[in-house]
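Below is one structure, written out as structure tokens; the observations come after it.
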Amino acid sequence: AQDFGLNADKEYQFEILAISENNDSVRTVLNIRAYFKVDAVFTSPMGFLLQSSDKKVMLDVLASKTPGYGFIANSEEIYEHMKNGAEPFNEIDLIYTSHTHTCHFDAVLLFNTMMHNPSAIAVMNQDVKNAMNSYFTDNPDLLNRVFAPEIPINSFIDTTLAGIKIRLTNIVHESSSMFCINLMLDSIPFVHFDDYNNLTAANYKTIGFTQLPND
């Protein structure tokens, strides 16, 4: 079997030449379309663990034991699995934390997840990085895997991290700011953001919506 390294949702053309013993030849063209799925696992109160054919991404998965704001917390078992890097919270490529609210962020979990996933890149805003300062001071090598860009409000940057194309948008959130993320896994686009009811039309356009959601 030949591994052609096919990407998802793309069409490929192969030309096959068959030659017989008497040198007759037949040339055949095959059009092949490849598809992959991306598994998404929800974690309380508003996180998602995405797994594609070759990447594993955490989006605001690492919430506190006490997320507040009336949200339901993850069970103690799930929290401990996160903390210990147990399956499915292992072999992570990208760890994304949008902001420091406890329904999105737990410093102990983020530190442990980085330690248990030594190849993972941690994406965070400056507030999260500052909140992690004591952990980074004691473990300075972790900073080599931190991506915490300073992005002006209502602006975005496009980059590629861990082989994943992403867009980070910085928007106002309560008295501070937070990131929104767009990313591409197996040619499938994803977007993750908070503050559904408070985003402006310009914000929605920046993170990939052509019109305002009406529900």
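Going by the structure tokens order, chains are called A, B, ..., each with residues numbered from 1, while ligands are numbered from 1 in the order shown.
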
Based on DSSP run over this structure's backbone, return all residues of segment 48-131 of chain A in strand (DSSP E or B), as a PDB file with N, CA and C atoms, in the first residue's frame.
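In the end it all went to part_6.pdb:
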ATOM      1  N   PHE A  48     -13.556  22.746  24.026  1.00  0.00           N
ATOM      2  CA  PHE A  48     -13.636  21.683  23.032  1.00  0.00           C
ATOM      3  C   PHE A  48     -12.251  21.092  22.814  1.00  0.00           C
ATOM      4  N   LEU A  49     -12.209  19.762  22.763  1.00  0.00           N
ATOM      5  CA  LEU A  49     -11.009  19.037  22.394  1.00  0.00           C
ATOM      6  C   LEU A  49     -11.224  18.516  20.979  1.00  0.00           C
ATOM      7  N   LEU A  50     -10.416  18.997  20.034  1.00  0.00           N
ATOM      8  CA  LEU A  50     -10.550  18.622  18.633  1.00  0.00           C
ATOM      9  C   LEU A  50      -9.434  17.662  18.247  1.00  0.00           C
ATOM     10  N   GLN A  51      -9.801  16.595  17.522  1.00  0.00           N
ATOM     11  CA  GLN A  51      -8.803  15.651  17.051  1.00  0.00           C
ATOM     12  C   GLN A  51      -9.047  15.362  15.582  1.00  0.00           C
ATOM     13  N   LYS A  56      -4.138  17.346  17.497  1.00  0.00           N
ATOM     14  CA  LYS A  56      -5.019  17.353  18.663  1.00  0.00           C
ATOM     15  C   LYS A  56      -4.931  18.738  19.301  1.00  0.00           C
ATOM     16  N   VAL A  57      -6.078  19.383  19.455  1.00  0.00           N
ATOM     17  CA  VAL A  57      -6.113  20.787  19.869  1.00  0.00           C
ATOM     18  C   VAL A  57      -7.081  20.964  21.040  1.00  0.00           C
ATOM     19  N   MET A  58      -6.639  21.703  22.055  1.00  0.00           N
ATOM     20  CA  MET A  58      -7.499  22.091  23.171  1.00  0.00           C
ATOM     21  C   MET A  58      -7.937  23.534  22.991  1.00  0.00           C
ATOM     22  N   LEU A  59      -9.239  23.774  23.015  1.00  0.00           N
ATOM     23  CA  LEU A  59      -9.783  25.127  22.934  1.00  0.00           C
ATOM     24  C   LEU A  59     -10.505  25.447  24.239  1.00  0.00           C
ATOM     25  N   LEU A  94      -1.688  21.668  20.303  1.00  0.00           N
ATOM     26  CA  LEU A  94      -1.951  23.089  20.510  1.00  0.00           C
ATOM     27  C   LEU A  94      -2.899  23.256  21.696  1.00  0.00           C
ATOM     28  N   ILE A  95      -2.498  24.111  22.646  1.00  0.00           N
ATOM     29  CA  ILE A  95      -3.316  24.424  23.819  1.00  0.00           C
ATOM     30  C   ILE A  95      -3.705  25.898  23.721  1.00  0.00           C
ATOM     31  N   TYR A  96      -4.986  26.171  23.621  1.00  0.00           N
ATOM     32  CA  TYR A  96      -5.450  27.543  23.436  1.00  0.00           C
ATOM     33  C   TYR A  96      -6.254  27.985  24.660  1.00  0.00           C
ATOM     34  N   THR A  97      -5.875  29.148  25.207  1.00  0.00           N
ATOM     35  CA  THR A  97      -6.596  29.736  26.336  1.00  0.00           C
ATOM     36  C   THR A  97      -6.932  31.177  25.977  1.00  0.00           C
ATOM     37  N   ILE A 121       2.308  23.543  21.808  1.00  0.00           N
ATOM     38  CA  ILE A 121       2.452  24.999  21.848  1.00  0.00           C
ATOM     39  C   ILE A 121       1.235  25.570  22.563  1.00  0.00           C
ATOM     40  N   ALA A 122       1.477  26.449  23.517  1.00  0.00           N
ATOM     41  CA  ALA A 122       0.402  27.054  24.301  1.00  0.00           C
ATOM     42  C   ALA A 122       0.136  28.466  23.795  1.00  0.00           C
ATOM     43  N   VAL A 123      -1.071  28.681  23.311  1.00  0.00           N
ATOM     44  CA  VAL A 123      -1.494  29.986  22.796  1.00  0.00           C
ATOM     45  C   VAL A 123      -2.321  30.677  23.875  1.00  0.00           C
ATOM     46  N   MET A 124      -1.980  31.914  24.167  1.00  0.00           N
ATOM     47  CA  MET A 124      -2.674  32.629  25.243  1.00  0.00           C
ATOM     48  C   MET A 124      -2.518  34.123  25.037  1.00  0.00           C
TER      49      MET A 124
END

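Taking atom CA of Ile92 of chain A as the reference point, atom CA of Asn139 of chain A is found at 19.3 Å.
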
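In this structure, atom CA of Lys83 of chain A sits 6.5 Å away from atom CA of Thr113 of chain A.
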
*Among segment 95-209 of chain A, which ones does DSSP place in alpha helix (DSSP H), written as a PyMOL selection string?*
chain A and resi 107-116+126-131+133-138+201-206

_Quick one: residues within 9 Å of Thr43 of chain A, only C-alpha atoms, excluding same-chain residues fewer than 5 positions away - as a ChimeraX atom specification?_
/A:48-49,60-63,73-74,78

_Counting only C-alpha atoms, the residue of A:Ile164, A:Leu185, A:Met114, A:Met178 that sits nearest Ser98 of chain A_ = A:Met178

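Among the candidates A:His104, A:His99, A:His173, A:Lys55, the one nearest to Asn203 of chain A when counting only C-alpha atoms is A:His173.
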
Rows by chain and residue number, segment 31-132 of chain A within 8 Å of segment 186-190 of chain A, shortest pair, only C-alpha atoms, as a tab-separated table:
residue	atom	partner	partner_atom	distance
A:Phe36	CA	A:Asp186	CA	6.7
A:Lys37	CA	A:Asp186	CA	7.7
A:Val38	CA	A:Asp186	CA	7.5
A:Ser52	CA	A:Asp186	CA	6.4
A:Ser53	CA	A:Asp186	CA	7.1

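The shell of residues at most 12 Å from Asp158 of chain A, with only C-alpha atoms counted and near chain neighbours (fewer than 4 positions) removed, consists of Pro149, Ile151, Ile164, Lys165, Ile166, Arg167, Leu168, Thr169, Cys180, Ile181, Asn182, Leu183, Met184, Thr206 and Ile207 of chain A.
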
Take the residues that were just selected and, keeping all heavy atoms, output them as a CSV table (one decimal), in the first residue's frame.
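Printed below is part15.csv as written:
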chain,number,residue,atom,x,y,z
A,149,PRO,N,0.9,36.7,21.7
A,149,PRO,CA,1.2,38.0,20.9
A,149,PRO,C,0.4,39.1,21.5
A,149,PRO,O,-0.7,38.9,22.1
A,149,PRO,CB,0.7,37.6,19.5
A,149,PRO,CG,-0.4,36.6,19.7
A,149,PRO,CD,0.1,35.8,20.9
A,151,ILE,N,-1.9,41.9,20.5
A,151,ILE,CA,-2.7,42.3,19.3
A,151,ILE,C,-3.6,43.4,19.7
A,151,ILE,O,-4.3,43.3,20.7
A,151,ILE,CB,-3.6,41.1,18.9
A,151,ILE,CG1,-2.7,39.8,18.6
A,151,ILE,CG2,-4.4,41.4,17.6
A,151,ILE,CD1,-3.5,38.6,18.4
A,164,ILE,N,-0.5,24.1,12.2
A,164,ILE,CA,-2.0,24.4,12.1
A,164,ILE,C,-2.1,25.9,11.8
A,164,ILE,O,-1.6,26.7,12.4
A,164,ILE,CB,-2.7,24.1,13.4
A,164,ILE,CG1,-2.5,22.6,13.8
A,164,ILE,CG2,-4.2,24.4,13.4
A,164,ILE,CD1,-2.9,22.3,15.3
A,165,LYS,N,-2.9,26.2,10.7
A,165,LYS,CA,-3.2,27.6,10.4
A,165,LYS,C,-4.2,28.1,11.3
A,165,LYS,O,-5.2,27.5,11.5
A,165,LYS,CB,-3.7,27.7,8.9
A,165,LYS,CG,-2.7,27.3,7.9
A,165,LYS,CD,-3.3,27.5,6.5
A,165,LYS,CE,-2.2,27.1,5.4
A,165,LYS,NZ,-2.8,27.3,4.1
A,166,ILE,N,-3.9,29.3,11.9
A,166,ILE,CA,-4.8,29.9,12.9
A,166,ILE,C,-4.9,31.4,12.6
A,166,ILE,O,-4.0,32.0,12.1
A,166,ILE,CB,-4.4,29.7,14.4
A,166,ILE,CG1,-3.1,30.4,14.7
A,166,ILE,CG2,-4.2,28.2,14.6
A,166,ILE,CD1,-2.8,30.4,16.2
A,167,ARG,N,-6.0,32.0,13.1
A,167,ARG,CA,-6.2,33.4,13.2
A,167,ARG,C,-6.6,33.7,14.6
A,167,ARG,O,-7.5,33.1,15.2
A,167,ARG,CB,-7.3,33.9,12.2
A,167,ARG,CG,-7.7,35.4,12.5
A,167,ARG,CD,-8.6,35.9,11.4
A,167,ARG,NE,-7.9,36.1,10.2
A,167,ARG,CZ,-8.5,36.7,9.1
A,167,ARG,NH1,-9.7,37.1,9.1
A,167,ARG,NH2,-7.8,36.8,8.0
A,168,LEU,N,-5.9,34.7,15.2
A,168,LEU,CA,-6.2,35.2,16.5
A,168,LEU,C,-6.7,36.6,16.4
A,168,LEU,O,-6.1,37.5,15.9
A,168,LEU,CB,-5.0,35.1,17.4
A,168,LEU,CG,-4.4,33.8,17.8
A,168,LEU,CD1,-3.1,33.9,18.6
A,168,LEU,CD2,-5.4,33.0,18.6
A,169,THR,N,-7.9,36.8,17.0
A,169,THR,CA,-8.5,38.1,17.0
A,169,THR,C,-8.7,38.6,18.5
A,169,THR,O,-9.1,37.8,19.4
A,169,THR,CB,-9.9,38.1,16.4
A,169,THR,OG1,-9.8,37.6,15.1
A,169,THR,CG2,-10.5,39.5,16.3
A,180,CYS,N,-10.2,35.4,20.2
A,180,CYS,CA,-11.1,34.5,19.5
A,180,CYS,C,-10.1,33.8,18.5
A,180,CYS,O,-9.1,34.3,18.1
A,180,CYS,CB,-12.1,35.2,18.7
A,180,CYS,SG,-13.2,36.3,19.6
A,181,ILE,N,-10.4,32.5,18.2
A,181,ILE,CA,-9.5,31.8,17.3
A,181,ILE,C,-10.3,31.1,16.2
A,181,ILE,O,-11.4,30.6,16.3
A,181,ILE,CB,-8.8,30.7,18.1
A,181,ILE,CG1,-7.7,30.0,17.3
A,181,ILE,CG2,-9.7,29.6,18.7
A,181,ILE,CD1,-6.7,29.1,18.1
A,182,ASN,N,-9.7,31.2,15.0
A,182,ASN,CA,-10.1,30.5,13.8
A,182,ASN,C,-8.9,29.5,13.5
A,182,ASN,O,-7.7,29.9,13.6
A,182,ASN,CB,-10.2,31.4,12.6
A,182,ASN,CG,-11.4,32.4,12.7
A,182,ASN,OD1,-11.2,33.3,13.5
A,182,ASN,ND2,-12.4,32.2,12.0
A,183,LEU,N,-9.2,28.3,13.2
A,183,LEU,CA,-8.2,27.3,12.8
A,183,LEU,C,-8.7,26.4,11.8
A,183,LEU,O,-9.9,26.2,11.6
A,183,LEU,CB,-7.7,26.6,14.1
A,183,LEU,CG,-8.6,25.6,14.8
A,183,LEU,CD1,-7.8,24.6,15.5
A,183,LEU,CD2,-9.5,26.3,15.8
A,184,MET,N,-7.7,25.7,11.1
A,184,MET,CA,-8.1,24.8,10.0
A,184,MET,C,-7.5,23.4,10.4
A,184,MET,O,-6.3,23.3,10.6
A,184,MET,CB,-7.5,25.3,8.7
A,184,MET,CG,-7.9,24.5,7.5
A,184,MET,SD,-9.5,24.9,7.0
A,184,MET,CE,-9.3,26.6,6.4
A,206,THR,N,-14.7,39.8,11.3
A,206,THR,CA,-13.3,39.5,11.5
A,206,THR,C,-13.0,38.0,11.8
A,206,THR,O,-12.1,37.4,11.3
A,206,THR,CB,-12.7,40.3,12.6
A,206,THR,OG1,-12.8,41.7,12.2
A,206,THR,CG2,-11.2,40.0,12.8
A,207,ILE,N,-13.9,37.4,12.6
A,207,ILE,CA,-13.7,36.0,12.9
A,207,ILE,C,-14.4,35.0,12.0
A,207,ILE,O,-14.5,33.8,12.2
A,207,ILE,CB,-14.2,35.7,14.4
A,207,ILE,CG1,-15.6,36.0,14.6
A,207,ILE,CG2,-13.3,36.5,15.3
A,207,ILE,CD1,-16.1,35.6,16.0

_From the options A:Ala40, A:Ile72, A:Ile153, A:Leu161, which residue's atoms come nearest to Ala202 of chain A, counting only C-alpha atoms?_
A:Ile153

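Shortest atom-to-atom contact with Arg145 of chain A among A:Glu87, A:Asp39, A:Asp127, A:Asp93: A:Asp93, counting only C-alpha atoms.
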
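Atom CA of Ile157 of chain A lies 18.1 Å from atom CA of Asp194 of chain A.
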